[in-house]
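S.K.: Can you read through this structure? Questions will come right after.
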Amino acid sequence: MTDVQTHTGSCHCGAVAFEVEMSLDGLIECNCSHCHRKGFVLGFVSPDAFRLTADGPQTEYRFGSHKIGHRFCQTCGVQSFAQGEAPDGRPMVAVNVRTLTDVEPFSWTATRVDGRSF
């Protein structure tokens, strides 16, 4: 099990940046229509483990159950994170691990999840 560490992340242009306390264990790669098209690898944390350090202009996209607000930088279009409810109703933040700036690409392992069938 990987230790929980503070990681930094951002959109491509840096207008939206954050710090997150998370482990790189338990990551998922989902095949739903949204995640698959965008190539997301996601880690989930409670809101108190996530902090915006640059809150640039963003827009939000909701689909399906509308329980998750997918946040996008209005300048570069990158989705670094989403905020919403876990399946059990608890608040959560879904972090796009590919936007962590201090993690070597492909240094993590993700479990593939069949979100397309939900």
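By convention here, the chains of the structure tokens are called A, B, ... in the order presented, each chain's residues are numbered starting at 1, and ligands are numbered starting at 1 in the order presented.
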Can you tell me which residues surround range 67-73 of chain A at a distance of at most 10 Å, considering only C-alpha atoms, apart from same-chain residues fewer than 4 positions away, and format the answer as a PDB file with N, CA and C atoms, in the first residue's frame?
M.R.:
```
ATOM      1  N   SER A  10      -2.457  20.381 -11.625  1.00  0.00           N
ATOM      2  CA  SER A  10      -2.989  21.569 -12.292  1.00  0.00           C
ATOM      3  C   SER A  10      -3.545  21.189 -13.653  1.00  0.00           C
ATOM      4  N   CYS A  11      -4.286  22.146 -14.214  1.00  0.00           N
ATOM      5  CA  CYS A  11      -4.682  22.031 -15.611  1.00  0.00           C
ATOM      6  C   CYS A  11      -3.432  22.327 -16.457  1.00  0.00           C
ATOM      7  N   HIS A  12      -3.562  22.303 -17.769  1.00  0.00           N
ATOM      8  CA  HIS A  12      -2.406  22.506 -18.639  1.00  0.00           C
ATOM      9  C   HIS A  12      -1.817  23.908 -18.532  1.00  0.00           C
ATOM     10  N   CYS A  13      -2.675  24.934 -18.466  1.00  0.00           N
ATOM     11  CA  CYS A  13      -2.175  26.316 -18.443  1.00  0.00           C
ATOM     12  C   CYS A  13      -1.830  26.809 -17.032  1.00  0.00           C
ATOM     13  N   GLY A  14      -2.233  26.062 -16.003  1.00  0.00           N
ATOM     14  CA  GLY A  14      -1.915  26.439 -14.628  1.00  0.00           C
ATOM     15  C   GLY A  14      -2.919  27.358 -13.959  1.00  0.00           C
ATOM     16  N   ALA A  15      -3.976  27.749 -14.664  1.00  0.00           N
ATOM     17  CA  ALA A  15      -4.974  28.640 -14.060  1.00  0.00           C
ATOM     18  C   ALA A  15      -5.722  27.960 -12.920  1.00  0.00           C
ATOM     19  N   VAL A  16      -5.859  26.638 -13.003  1.00  0.00           N
ATOM     20  CA  VAL A  16      -6.473  25.842 -11.943  1.00  0.00           C
ATOM     21  C   VAL A  16      -5.393  24.919 -11.398  1.00  0.00           C
ATOM     22  N   ALA A  17      -5.084  25.070 -10.119  1.00  0.00           N
ATOM     23  CA  ALA A  17      -4.054  24.247  -9.492  1.00  0.00           C
ATOM     24  C   ALA A  17      -4.553  23.807  -8.119  1.00  0.00           C
ATOM     25  N   ASP A  55      -7.540  29.187  -8.339  1.00  0.00           N
ATOM     26  CA  ASP A  55      -8.946  28.970  -8.662  1.00  0.00           C
ATOM     27  C   ASP A  55      -9.334  29.801  -9.877  1.00  0.00           C
ATOM     28  N   GLY A  56      -8.701  29.473 -11.012  1.00  0.00           N
ATOM     29  CA  GLY A  56      -8.967  30.205 -12.241  1.00  0.00           C
ATOM     30  C   GLY A  56     -10.350  29.922 -12.781  1.00  0.00           C
ATOM     31  N   PRO A  57     -10.705  30.551 -13.890  1.00  0.00           N
ATOM     32  CA  PRO A  57     -12.054  30.405 -14.442  1.00  0.00           C
ATOM     33  C   PRO A  57     -12.326  28.947 -14.834  1.00  0.00           C
ATOM     34  N   GLN A  58     -13.454  28.451 -14.342  1.00  0.00           N
ATOM     35  CA  GLN A  58     -13.839  27.069 -14.609  1.00  0.00           C
ATOM     36  C   GLN A  58     -15.293  27.002 -15.041  1.00  0.00           C
ATOM     37  N   THR A  59     -15.613  25.912 -15.674  1.00  0.00           N
ATOM     38  CA  THR A  59     -16.997  25.602 -15.990  1.00  0.00           C
ATOM     39  C   THR A  59     -17.253  24.183 -15.515  1.00  0.00           C
ATOM     40  N   GLU A  60     -18.507  23.800 -15.489  1.00  0.00           N
ATOM     41  CA  GLU A  60     -18.867  22.492 -14.939  1.00  0.00           C
ATOM     42  C   GLU A  60     -19.736  21.727 -15.919  1.00  0.00           C
ATOM     43  N   TYR A  61     -19.515  20.425 -15.960  1.00  0.00           N
ATOM     44  CA  TYR A  61     -20.330  19.540 -16.787  1.00  0.00           C
ATOM     45  C   TYR A  61     -20.889  18.432 -15.906  1.00  0.00           C
ATOM     46  N   ARG A  62     -22.193  18.210 -15.978  1.00  0.00           N
ATOM     47  CA  ARG A  62     -22.857  17.124 -15.249  1.00  0.00           C
ATOM     48  C   ARG A  62     -23.622  16.277 -16.259  1.00  0.00           C
ATOM     49  N   PHE A  63     -23.593  14.982 -16.053  1.00  0.00           N
ATOM     50  CA  PHE A  63     -24.347  14.074 -16.925  1.00  0.00           C
ATOM     51  C   PHE A  63     -24.807  12.884 -16.106  1.00  0.00           C
ATOM     52  N   GLY A  77      -9.173  23.899 -21.083  1.00  0.00           N
ATOM     53  CA  GLY A  77     -10.121  22.798 -21.237  1.00  0.00           C
ATOM     54  C   GLY A  77      -9.813  21.536 -20.457  1.00  0.00           C
ATOM     55  N   VAL A  78      -8.747  21.525 -19.689  1.00  0.00           N
ATOM     56  CA  VAL A  78      -8.375  20.317 -18.956  1.00  0.00           C
ATOM     57  C   VAL A  78      -9.247  20.145 -17.713  1.00  0.00           C
ATOM     58  N   GLN A  79      -9.692  18.897 -17.497  1.00  0.00           N
ATOM     59  CA  GLN A  79     -10.432  18.559 -16.278  1.00  0.00           C
ATOM     60  C   GLN A  79      -9.468  17.916 -15.308  1.00  0.00           C
ATOM     61  N   SER A  80      -9.132  18.646 -14.246  1.00  0.00           N
ATOM     62  CA  SER A  80      -8.206  18.136 -13.240  1.00  0.00           C
ATOM     63  C   SER A  80      -8.918  17.368 -12.143  1.00  0.00           C
ATOM     64  N   PHE A  81     -10.178  17.695 -11.894  1.00  0.00           N
ATOM     65  CA  PHE A  81     -10.897  17.063 -10.797  1.00  0.00           C
ATOM     66  C   PHE A  81     -12.399  17.202 -11.008  1.00  0.00           C
ATOM     67  N   ALA A  82     -13.140  16.470 -10.202  1.00  0.00           N
ATOM     68  CA  ALA A  82     -14.602  16.562 -10.165  1.00  0.00           C
ATOM     69  C   ALA A  82     -15.019  16.517  -8.704  1.00  0.00           C
ATOM     70  N   GLN A  83     -16.150  17.119  -8.399  1.00  0.00           N
ATOM     71  CA  GLN A  83     -16.663  17.127  -7.032  1.00  0.00           C
ATOM     72  C   GLN A  83     -18.082  16.578  -7.042  1.00  0.00           C
ATOM     73  N   GLY A  84     -18.398  15.794  -6.027  1.00  0.00           N
ATOM     74  CA  GLY A  84     -19.747  15.261  -5.978  1.00  0.00           C
ATOM     75  C   GLY A  84     -19.951  14.275  -4.860  1.00  0.00           C
ATOM     76  N   GLU A  85     -20.776  13.276  -5.149  1.00  0.00           N
ATOM     77  CA  GLU A  85     -21.136  12.270  -4.159  1.00  0.00           C
ATOM     78  C   GLU A  85     -20.624  10.904  -4.587  1.00  0.00           C
ATOM     79  N   ALA A  86     -20.063  10.178  -3.621  1.00  0.00           N
ATOM     80  CA  ALA A  86     -19.699   8.784  -3.844  1.00  0.00           C
ATOM     81  C   ALA A  86     -20.990   7.970  -3.927  1.00  0.00           C
ATOM     82  N   PRO A  87     -20.924   6.729  -4.389  1.00  0.00           N
ATOM     83  CA  PRO A  87     -22.141   5.911  -4.467  1.00  0.00           C
ATOM     84  C   PRO A  87     -22.901   5.797  -3.142  1.00  0.00           C
ATOM     85  N   GLY A  89     -23.246   8.212  -1.057  1.00  0.00           N
ATOM     86  CA  GLY A  89     -23.772   9.530  -0.708  1.00  0.00           C
ATOM     87  C   GLY A  89     -22.793  10.462  -0.021  1.00  0.00           C
ATOM     88  N   PRO A  91     -19.688  13.013   0.407  1.00  0.00           N
ATOM     89  CA  PRO A  91     -19.011  13.961  -0.481  1.00  0.00           C
ATOM     90  C   PRO A  91     -17.631  13.426  -0.876  1.00  0.00           C
ATOM     91  N   MET A  92     -17.238  13.664  -2.102  1.00  0.00           N
ATOM     92  CA  MET A  92     -15.925  13.214  -2.560  1.00  0.00           C
ATOM     93  C   MET A  92     -15.410  14.132  -3.659  1.00  0.00           C
ATOM     94  N   VAL A  93     -14.093  14.025  -3.861  1.00  0.00           N
ATOM     95  CA  VAL A  93     -13.421  14.687  -4.979  1.00  0.00           C
ATOM     96  C   VAL A  93     -12.736  13.587  -5.780  1.00  0.00           C
ATOM     97  N   ALA A  94     -12.966  13.578  -7.072  1.00  0.00           N
ATOM     98  CA  ALA A  94     -12.304  12.635  -7.971  1.00  0.00           C
ATOM     99  C   ALA A  94     -11.164  13.391  -8.644  1.00  0.00           C
TER     100      ALA A  94
END
```
S.K.: Go through chain A and collect every residue that DSSP, computed from the backbone, puts in helix (DSSP H, G or I); the answer should be as a PyMOL selection string.
M.R.: chain A and resi 33-38+47-49+97-99+115-117
S.K.: Considering only C-alpha atoms, return as a list of chain:residue names whatever protein or nucleic-acid residues lie within 12 Å of Ser107 in chain A, sequence-local ones (same chain, fewer than 2 positions apart) excluded.
M.R.: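 So the residues in contact are A:Thr2, A:Leu24, A:Asp25, A:Leu27, A:Val97, A:Arg98, A:Leu100, A:Asp102, A:Val103, A:Glu104, A:Pro105, A:Thr109, A:Ala110.
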S.K.: So what do you get for CA of Gly115 in chain A versus CA of Gly43 in chain A, distance-wise?
M.R.: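 Rounded to one decimal, the two atoms are 14.9 Å apart.
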S.K.: Point out the residue among A:Pro47, A:Asp3, A:Asp88, A:Arg37 with the least atom-to-atom distance to Glu19 in chain A, counting only C-alpha atoms.
M.R.: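 Counting only C-alpha atoms, the residue closest to Glu19 in chain A is A:Pro47.
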S.K.: Could you jot down the CA of His34 in chain A to CA of Thr111 in chain A separation for me, Å, one decimal place?
M.R.: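 Atom-to-atom, CA of His34 in chain A to CA of Thr111 in chain A, that is 16.8 Å.
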S.K.: To one decimal place, how far is CA of Phe106 in chain A from CA of Gln74 in chain A in Å?
M.R.: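 Between these atoms lies a distance of 26.8 Å.
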S.K.: Find the residue from A:Asn31, A:Ser65, A:Asn96, A:Thr8 that sits nearest to Thr53 in chain A; use only C-alpha atoms when measuring.
M.R.: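 Using only C-alpha atoms, Thr53 in chain A sits closest to A:Thr8.
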S.K.: Using only C-alpha atoms, pick whichever of A:Phe50, A:Cys76, A:Phe118, A:Arg112 has the shortest atom-to-atom distance to His36 in chain A.
M.R.: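 Closest residue, counting only C-alpha atoms: A:Arg112.
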S.K.: For a quick check of understanding, using only C-alpha atoms, which of A:Ser117, A:Phe18, A:His7, A:Cys35 has the smallest distance to Ala54 in chain A?
M.R.: A:Phe18
S.K.: Enumerate, as a ChimeraX atom specification, the complete set of residues in chain A that a backbone-based DSSP assignment places in strand (DSSP E).
M.R.: /A:5-10,16-22,27-30,42-45,50-55,58-61,68-73,81-85,91-96,110-113
